[in-house]
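Read through the structure below, which is laid out as C-alpha cells, and then see the notes.
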Amino acid sequence: MTGVIPAKALSLMNVPRTYKQKLKDMEREGIIEQVRVKNFNHVRLVYYMKPYDEISGVFASDLRDGFYESYSAYGMLARKNCLHGSETRSVRAIQNAEAYMFMHAAGLACSLCERPNLIAEDHLDMKNAYYMSYDFKNAAQYEDKVVLNPKGGMKEIMGSRVIGLAATQGGIYSVFVQTGDAARWQAGAEIRMRIHIDAMLAKKMEFPKKPCGLIISDDYESLSRLVDPAIELRYKAKAAVRQLEESYEKVYALPLTADGKKLFEVMSRPGWERIIREASFGRQAAQAGQMAVDCDLYENGTYTLNFCAPDIMRLRRFLAYASSDTEHRYRITCFDFQKGMLEKASHGSCEIKSGPFEKFLKIIEPAVGKIR
C-alpha cells in the first residue's frame, strides 16, 4: 500500500522481531532490497510487476480487489520517488509509509477491503479508519494550487503537508509527519486543505466532527520549536505555527514510537480527553475552563496543564503565560516520554512532573479498554 517500508517504523509493530526476520528472509530470496536514503534505512520490492492475469490466479485468496491497481498507481511511484525523486518527494514517500504503519499498528482499518469507501455511499461514523492523502483528495475534490514565485518567476505547487486522514471515534485527525525541515509550510495551503476536508466530512458523516491536527515526529524533542513562545525568531517554525493555528483549533503531537502509537490508540476511543483528565485530577479537573489561563487545574496559586492530552497549541498558550507571569506558579504534568520535549520548550518557566506511561494505561484500561 505504501511502496516502501521504513525500517525504523517496524518498532511500532507488536512483535517487531518477527517482521525483521521475515524481511531478512525475503531479502535472501531476492524479493526485496534494503536501501539507505537521507540516512534512513528502508525496504522496497525488487520486482513485482508481472501481468495481472498471471498472478491473480495464483494469489487469488490474498490479492483482494483493488490492491494490485492501487500499488500500480501509487506504490510503484512511491518506490521510485523514494530512491530517485527529489528530496521533497523522497522524504514524503517515506513519511507517507511511516504514517500508514503507525495507523495500522494502532489498530485502524487501513487497507482497501477493511475501511469505508470515500467515493461510495459508506459513512465514516462506525469504524476507525485511515486514508492516505491520495485516498481522500479525490473525495474532497482537492487539487494542489499552482502559483507563480515572485522571486524567480517560476511556477510552484502550493501543496498541503497533510499526509493522511484518520477518522476515529475519538476524533478526526489531519495527519502530518515531521522530519526536520524537509518541506516548507506554505501560506494558505493548510487552510485550503481544511476547507475541502470539512466539505467531505459533511457528506460522509451524519454528525460531522471538526478535524484536529496530528503531528507524528521521529524526533519528538525537536517539536519544542513549535511550542516555544520565542519561536517568532525562527522563520520556518513561525510559518508552521501560523498555518496550524489558522487551520485547526487543536493540534496534537506524538512521537513515532511504540509509546506514541499506544497513546494514539487511546485518542481513537470515545471521550478520551475527559477520561485522561479525570484519571489525572479526579473531580478537581472540573475547575478547568473557569480560570483566566487555559489549564486543567488551579490550586494554591499554581496553574497546572495536563499534557497527557498532547495539544501543542494549548501548550504554547500556556507557556506564553508562564514566561511572562511572575505572580503565579505554573506546572505541567505529562508522561515520561514527553518530559524531554517539555523541558526544552519551557526553558525552566514551568515545573514538569512526569509519570510512567504504562502504569497510566493500566489505570484507564477499564474506561478505554486494553491497549496493545
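Chain lettering (A, B, ...) mirrors the order of the C-alpha cells, residue numbering begins at 1 for each chain separately, and ligand numbering begins at 1 in order of display.
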
Residue set, region 86-154 of chain A restricted to alpha helix (DSSP H), as an mmCIF file with N, CA and C atoms, in the first residue's frame:
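Final output, saved to out.cif:
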data_model
loop_
_atom_site.group_PDB
_atom_site.id
_atom_site.type_symbol
_atom_site.label_atom_id
_atom_site.label_comp_id
_atom_site.auth_asym_id
_atom_site.auth_seq_id
_atom_site.Cartn_x
_atom_site.Cartn_y
_atom_site.Cartn_z
ATOM 1 N N GLU A 87 14.438 15.625 -3.238
ATOM 2 C CA GLU A 87 14.488 15.471 -1.783
ATOM 3 C C GLU A 87 13.087 15.522 -1.180
ATOM 4 N N THR A 88 12.272 16.468 -1.624
ATOM 5 C CA THR A 88 10.919 16.600 -1.085
ATOM 6 C C THR A 88 10.080 15.370 -1.390
ATOM 7 N N ARG A 89 10.132 14.875 -2.628
ATOM 8 C CA ARG A 89 9.355 13.692 -2.999
ATOM 9 C C ARG A 89 9.840 12.452 -2.262
ATOM 10 N N SER A 90 11.151 12.333 -2.108
ATOM 11 C CA SER A 90 11.719 11.181 -1.425
ATOM 12 C C SER A 90 11.284 11.134 0.037
ATOM 13 N N VAL A 91 11.413 12.274 0.714
ATOM 14 C CA VAL A 91 11.043 12.333 2.132
ATOM 15 C C VAL A 91 9.547 12.105 2.301
ATOM 16 N N ARG A 92 8.732 12.660 1.410
ATOM 17 C CA ARG A 92 7.281 12.481 1.537
ATOM 18 C C ARG A 92 6.884 11.015 1.364
ATOM 19 N N ALA A 93 7.558 10.299 0.467
ATOM 20 C CA ALA A 93 7.261 8.878 0.286
ATOM 21 C C ALA A 93 7.539 8.100 1.570
ATOM 22 N N ILE A 94 8.647 8.448 2.241
ATOM 23 C CA ILE A 94 8.992 7.784 3.499
ATOM 24 C C ILE A 94 8.002 8.166 4.591
ATOM 25 N N GLN A 95 7.663 9.451 4.673
ATOM 26 C CA GLN A 95 6.711 9.910 5.680
ATOM 27 C C GLN A 95 5.342 9.264 5.495
ATOM 28 N N ASN A 96 4.923 9.130 4.251
ATOM 29 C CA ASN A 96 3.645 8.512 3.950
ATOM 30 C C ASN A 96 3.598 7.085 4.486
ATOM 31 N N ALA A 97 4.709 6.354 4.284
ATOM 32 C CA ALA A 97 4.789 4.977 4.762
ATOM 33 C C ALA A 97 4.822 4.922 6.284
ATOM 34 N N GLU A 98 5.537 5.859 6.906
ATOM 35 C CA GLU A 98 5.603 5.883 8.368
ATOM 36 C C GLU A 98 4.235 6.114 8.991
ATOM 37 N N ALA A 99 3.487 7.065 8.430
ATOM 38 C CA ALA A 99 2.161 7.359 8.959
ATOM 39 C C ALA A 99 1.225 6.161 8.791
ATOM 40 N N TYR A 100 1.301 5.503 7.629
ATOM 41 C CA TYR A 100 0.456 4.336 7.366
ATOM 42 C C TYR A 100 0.748 3.223 8.364
ATOM 43 N N MET A 101 2.042 2.937 8.598
ATOM 44 C CA MET A 101 2.422 1.870 9.529
ATOM 45 C C MET A 101 2.037 2.226 10.956
ATOM 46 N N PHE A 102 2.138 3.500 11.309
ATOM 47 C CA PHE A 102 1.728 3.984 12.631
ATOM 48 C C PHE A 102 0.244 3.696 12.843
ATOM 49 N N MET A 103 -0.578 4.043 11.868
ATOM 50 C CA MET A 103 -2.019 3.863 11.995
ATOM 51 C C MET A 103 -2.406 2.385 11.953
ATOM 52 N N HIS A 104 -1.745 1.623 11.107
ATOM 53 C CA HIS A 104 -2.006 0.182 11.051
ATOM 54 C C HIS A 104 -1.689 -0.468 12.398
ATOM 55 N N ALA A 105 -0.555 -0.101 12.984
ATOM 56 C CA ALA A 105 -0.168 -0.663 14.279
ATOM 57 C C ALA A 105 -1.108 -0.237 15.394
ATOM 58 N N SER A 133 -3.231 10.528 1.671
ATOM 59 C CA SER A 133 -3.701 11.766 1.045
ATOM 60 C C SER A 133 -4.332 11.521 -0.322
ATOM 61 N N TYR A 134 -3.751 10.599 -1.116
ATOM 62 C CA TYR A 134 -4.335 10.367 -2.432
ATOM 63 C C TYR A 134 -5.705 9.694 -2.326
ATOM 64 N N ASP A 135 -5.983 9.021 -1.176
ATOM 65 C CA ASP A 135 -7.286 8.385 -0.983
ATOM 66 C C ASP A 135 -8.403 9.414 -0.864
ATOM 67 N N PHE A 136 -8.134 10.493 -0.115
ATOM 68 C CA PHE A 136 -9.237 11.416 0.161
ATOM 69 C C PHE A 136 -9.207 12.689 -0.679
ATOM 70 N N LYS A 137 -8.137 12.936 -1.415
ATOM 71 C CA LYS A 137 -8.104 14.154 -2.233
ATOM 72 C C LYS A 137 -9.201 14.139 -3.292
ATOM 73 N N ASN A 138 -9.428 12.963 -3.908
ATOM 74 C CA ASN A 138 -10.496 12.885 -4.913
ATOM 75 C C ASN A 138 -11.855 13.075 -4.266
ATOM 76 N N ALA A 139 -12.052 12.432 -3.112
ATOM 77 C CA ALA A 139 -13.335 12.552 -2.429
ATOM 78 C C ALA A 139 -13.579 13.981 -1.955
#

Return the single residue from A:Lys353, A:Ser324, A:Lys344, A:Leu23 that is closest to Phe307 (chain A), with distances computed using only C-alpha atoms.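 Smallest distance to Phe307 (chain A) is found for A:Lys353.
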
Which of these, A:Ser86, A:Gln141, A:Ser268, A:Ser224, has the shortest distance to Tyr173 (chain A) once you count only C-alpha atoms? A:Ser268

Go ahead and compute the interatomic distance for CA of Ala189 (chain A) and CA of Lys145 (chain A), in Å to one decimal.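 Here the two named atoms are 8.2 Å from each other.
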
Top pick for closest residue to Val43 (chain A), considering A:Leu254, A:Val4, A:Leu12, A:Ile195 and counting only C-alpha atoms: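 The shortest atom-to-atom distance to Val43 (chain A) comes from A:Val4.
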
Distance of CA of Leu112 (chain A) from CA of Gly66 (chain A), expressed in Å to one decimal place: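 For CA of Gly66 (chain A) relative to CA of Leu112 (chain A), the distance reads 7.0 Å.
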
Extract the full set of strand (DSSP E) residues from region 258-344 of chain A according to DSSP on the backbone, and format it as number ranges by chain. A: 297-299, 302-306, 329-335

Quick one: of A:Cys82, A:Cys295, A:Ile191, A:Met200, who's nearest to Ile119 (chain A), counting only C-alpha atoms?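 Among the listed residues, the smallest separation from Ile119 (chain A) belongs to A:Met200.
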
Could you list, as a list in words, every residue within 8 Å of Leu305 (chain A), counting only C-alpha atoms and ignoring same-chain residues fewer than 6 positions away?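 The contact residues come out as Asp294, Cys295, Asp296, Leu297, Leu315, Phe318, Arg331, Ile332 and Thr333 of chain A.
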
Grab the residues selected above and save them as a PDB file, in the first residue's frame with all heavy atoms.
ATOM      1  N   ASP A 294      -5.936  28.997  30.334  1.00  0.00           N
ATOM      2  CA  ASP A 294      -6.455  27.720  29.861  1.00  0.00           C
ATOM      3  C   ASP A 294      -5.618  26.593  30.464  1.00  0.00           C
ATOM      4  O   ASP A 294      -4.486  26.350  30.059  1.00  0.00           O
ATOM      5  CB  ASP A 294      -6.402  27.666  28.328  1.00  0.00           C
ATOM      6  CG  ASP A 294      -6.979  26.367  27.779  1.00  0.00           C
ATOM      7  OD1 ASP A 294      -7.604  25.613  28.552  1.00  0.00           O
ATOM      8  OD2 ASP A 294      -6.807  26.117  26.573  1.00  0.00           O
ATOM      9  N   CYS A 295      -6.177  25.917  31.473  1.00  0.00           N
ATOM     10  CA  CYS A 295      -5.434  24.875  32.165  1.00  0.00           C
ATOM     11  C   CYS A 295      -6.420  23.818  32.655  1.00  0.00           C
ATOM     12  O   CYS A 295      -7.619  23.906  32.425  1.00  0.00           O
ATOM     13  CB  CYS A 295      -4.629  25.458  33.327  1.00  0.00           C
ATOM     14  SG  CYS A 295      -5.671  26.129  34.655  1.00  0.00           S
ATOM     15  N   ASP A 296      -5.906  22.815  33.351  1.00  0.00           N
ATOM     16  CA  ASP A 296      -6.751  21.727  33.850  1.00  0.00           C
ATOM     17  C   ASP A 296      -6.975  21.785  35.351  1.00  0.00           C
ATOM     18  O   ASP A 296      -7.850  21.090  35.862  1.00  0.00           O
ATOM     19  CB  ASP A 296      -6.102  20.383  33.491  1.00  0.00           C
ATOM     20  CG  ASP A 296      -6.050  20.169  31.988  1.00  0.00           C
ATOM     21  OD1 ASP A 296      -7.109  19.903  31.406  1.00  0.00           O
ATOM     22  OD2 ASP A 296      -4.961  20.298  31.402  1.00  0.00           O
ATOM     23  N   LEU A 297      -6.199  22.616  36.047  1.00  0.00           N
ATOM     24  CA  LEU A 297      -6.343  22.696  37.499  1.00  0.00           C
ATOM     25  C   LEU A 297      -5.695  23.982  38.007  1.00  0.00           C
ATOM     26  O   LEU A 297      -4.632  24.385  37.525  1.00  0.00           O
ATOM     27  CB  LEU A 297      -5.661  21.485  38.157  1.00  0.00           C
ATOM     28  CG  LEU A 297      -5.761  21.361  39.676  1.00  0.00           C
ATOM     29  CD1 LEU A 297      -7.206  21.078  40.100  1.00  0.00           C
ATOM     30  CD2 LEU A 297      -4.845  20.252  40.185  1.00  0.00           C
ATOM     31  N   LEU A 315      -0.581  24.009  24.722  1.00  0.00           N
ATOM     32  CA  LEU A 315       0.680  24.093  25.456  1.00  0.00           C
ATOM     33  C   LEU A 315       1.400  25.399  25.156  1.00  0.00           C
ATOM     34  O   LEU A 315       1.943  26.045  26.058  1.00  0.00           O
ATOM     35  CB  LEU A 315       1.574  22.910  25.070  1.00  0.00           C
ATOM     36  CG  LEU A 315       3.016  22.940  25.580  1.00  0.00           C
ATOM     37  CD1 LEU A 315       3.070  22.902  27.104  1.00  0.00           C
ATOM     38  CD2 LEU A 315       3.825  21.774  24.990  1.00  0.00           C
ATOM     39  N   PHE A 318      -0.124  28.188  27.063  1.00  0.00           N
ATOM     40  CA  PHE A 318       0.196  28.038  28.484  1.00  0.00           C
ATOM     41  C   PHE A 318       1.619  28.520  28.770  1.00  0.00           C
ATOM     42  O   PHE A 318       1.868  29.226  29.753  1.00  0.00           O
ATOM     43  CB  PHE A 318       0.043  26.566  28.879  1.00  0.00           C
ATOM     44  CG  PHE A 318       0.170  26.295  30.353  1.00  0.00           C
ATOM     45  CD1 PHE A 318      -0.892  26.545  31.214  1.00  0.00           C
ATOM     46  CD2 PHE A 318       1.348  25.784  30.887  1.00  0.00           C
ATOM     47  CE1 PHE A 318      -0.785  26.288  32.578  1.00  0.00           C
ATOM     48  CE2 PHE A 318       1.470  25.526  32.243  1.00  0.00           C
ATOM     49  CZ  PHE A 318       0.395  25.781  33.090  1.00  0.00           C
ATOM     50  N   ARG A 331       2.739  24.617  36.296  1.00  0.00           N
ATOM     51  CA  ARG A 331       3.164  23.221  36.338  1.00  0.00           C
ATOM     52  C   ARG A 331       2.567  22.485  35.147  1.00  0.00           C
ATOM     53  O   ARG A 331       1.436  22.752  34.736  1.00  0.00           O
ATOM     54  CB  ARG A 331       2.701  22.567  37.639  1.00  0.00           C
ATOM     55  CG  ARG A 331       3.070  21.084  37.773  1.00  0.00           C
ATOM     56  CD  ARG A 331       2.436  20.455  39.008  1.00  0.00           C
ATOM     57  NE  ARG A 331       2.922  21.091  40.218  1.00  0.00           N
ATOM     58  CZ  ARG A 331       2.144  21.499  41.205  1.00  0.00           C
ATOM     59  NH1 ARG A 331       0.826  21.381  41.105  1.00  0.00           N
ATOM     60  NH2 ARG A 331       2.663  22.054  42.278  1.00  0.00           N
ATOM     61  N   ILE A 332       3.335  21.544  34.590  1.00  0.00           N
ATOM     62  CA  ILE A 332       2.856  20.693  33.508  1.00  0.00           C
ATOM     63  C   ILE A 332       3.012  19.241  33.939  1.00  0.00           C
ATOM     64  O   ILE A 332       4.091  18.829  34.376  1.00  0.00           O
ATOM     65  CB  ILE A 332       3.631  20.926  32.197  1.00  0.00           C
ATOM     66  CG1 ILE A 332       3.511  22.384  31.738  1.00  0.00           C
ATOM     67  CG2 ILE A 332       3.124  20.000  31.099  1.00  0.00           C
ATOM     68  CD1 ILE A 332       4.373  22.720  30.532  1.00  0.00           C
ATOM     69  N   THR A 333       1.935  18.476  33.844  1.00  0.00           N
ATOM     70  CA  THR A 333       2.009  17.042  34.099  1.00  0.00           C
ATOM     71  C   THR A 333       2.035  16.319  32.754  1.00  0.00           C
ATOM     72  O   THR A 333       1.393  16.740  31.789  1.00  0.00           O
ATOM     73  CB  THR A 333       0.808  16.549  34.928  1.00  0.00           C
ATOM     74  OG1 THR A 333      -0.404  16.908  34.249  1.00  0.00           O
ATOM     75  CG2 THR A 333       0.815  17.187  36.303  1.00  0.00           C
TER      76      THR A 333
END

For Gly340 (chain A), the nearest of the candidates A:Val175, A:Ile216, A:Ala322, A:Leu223, counting only C-alpha atoms: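 Checking each of A:Val175, A:Ile216, A:Ala322, A:Leu223 against Gly340 (chain A), counting only C-alpha atoms, the winner is A:Leu223.
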
Nearest candidate to Lys22 (chain A) (options A:Cys350, A:Ile371, A:Ile163, A:Leu10; using only C-alpha atoms):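 Going through A:Cys350, A:Ile371, A:Ile163, A:Leu10 one by one, the smallest distance to Lys22 (chain A) is for A:Leu10.
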
What does the structure give for the distance between CA of Glu365 (chain A) and CA of Gln169 (chain A), in Å to one decimal?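 The value is 16.7 Å.
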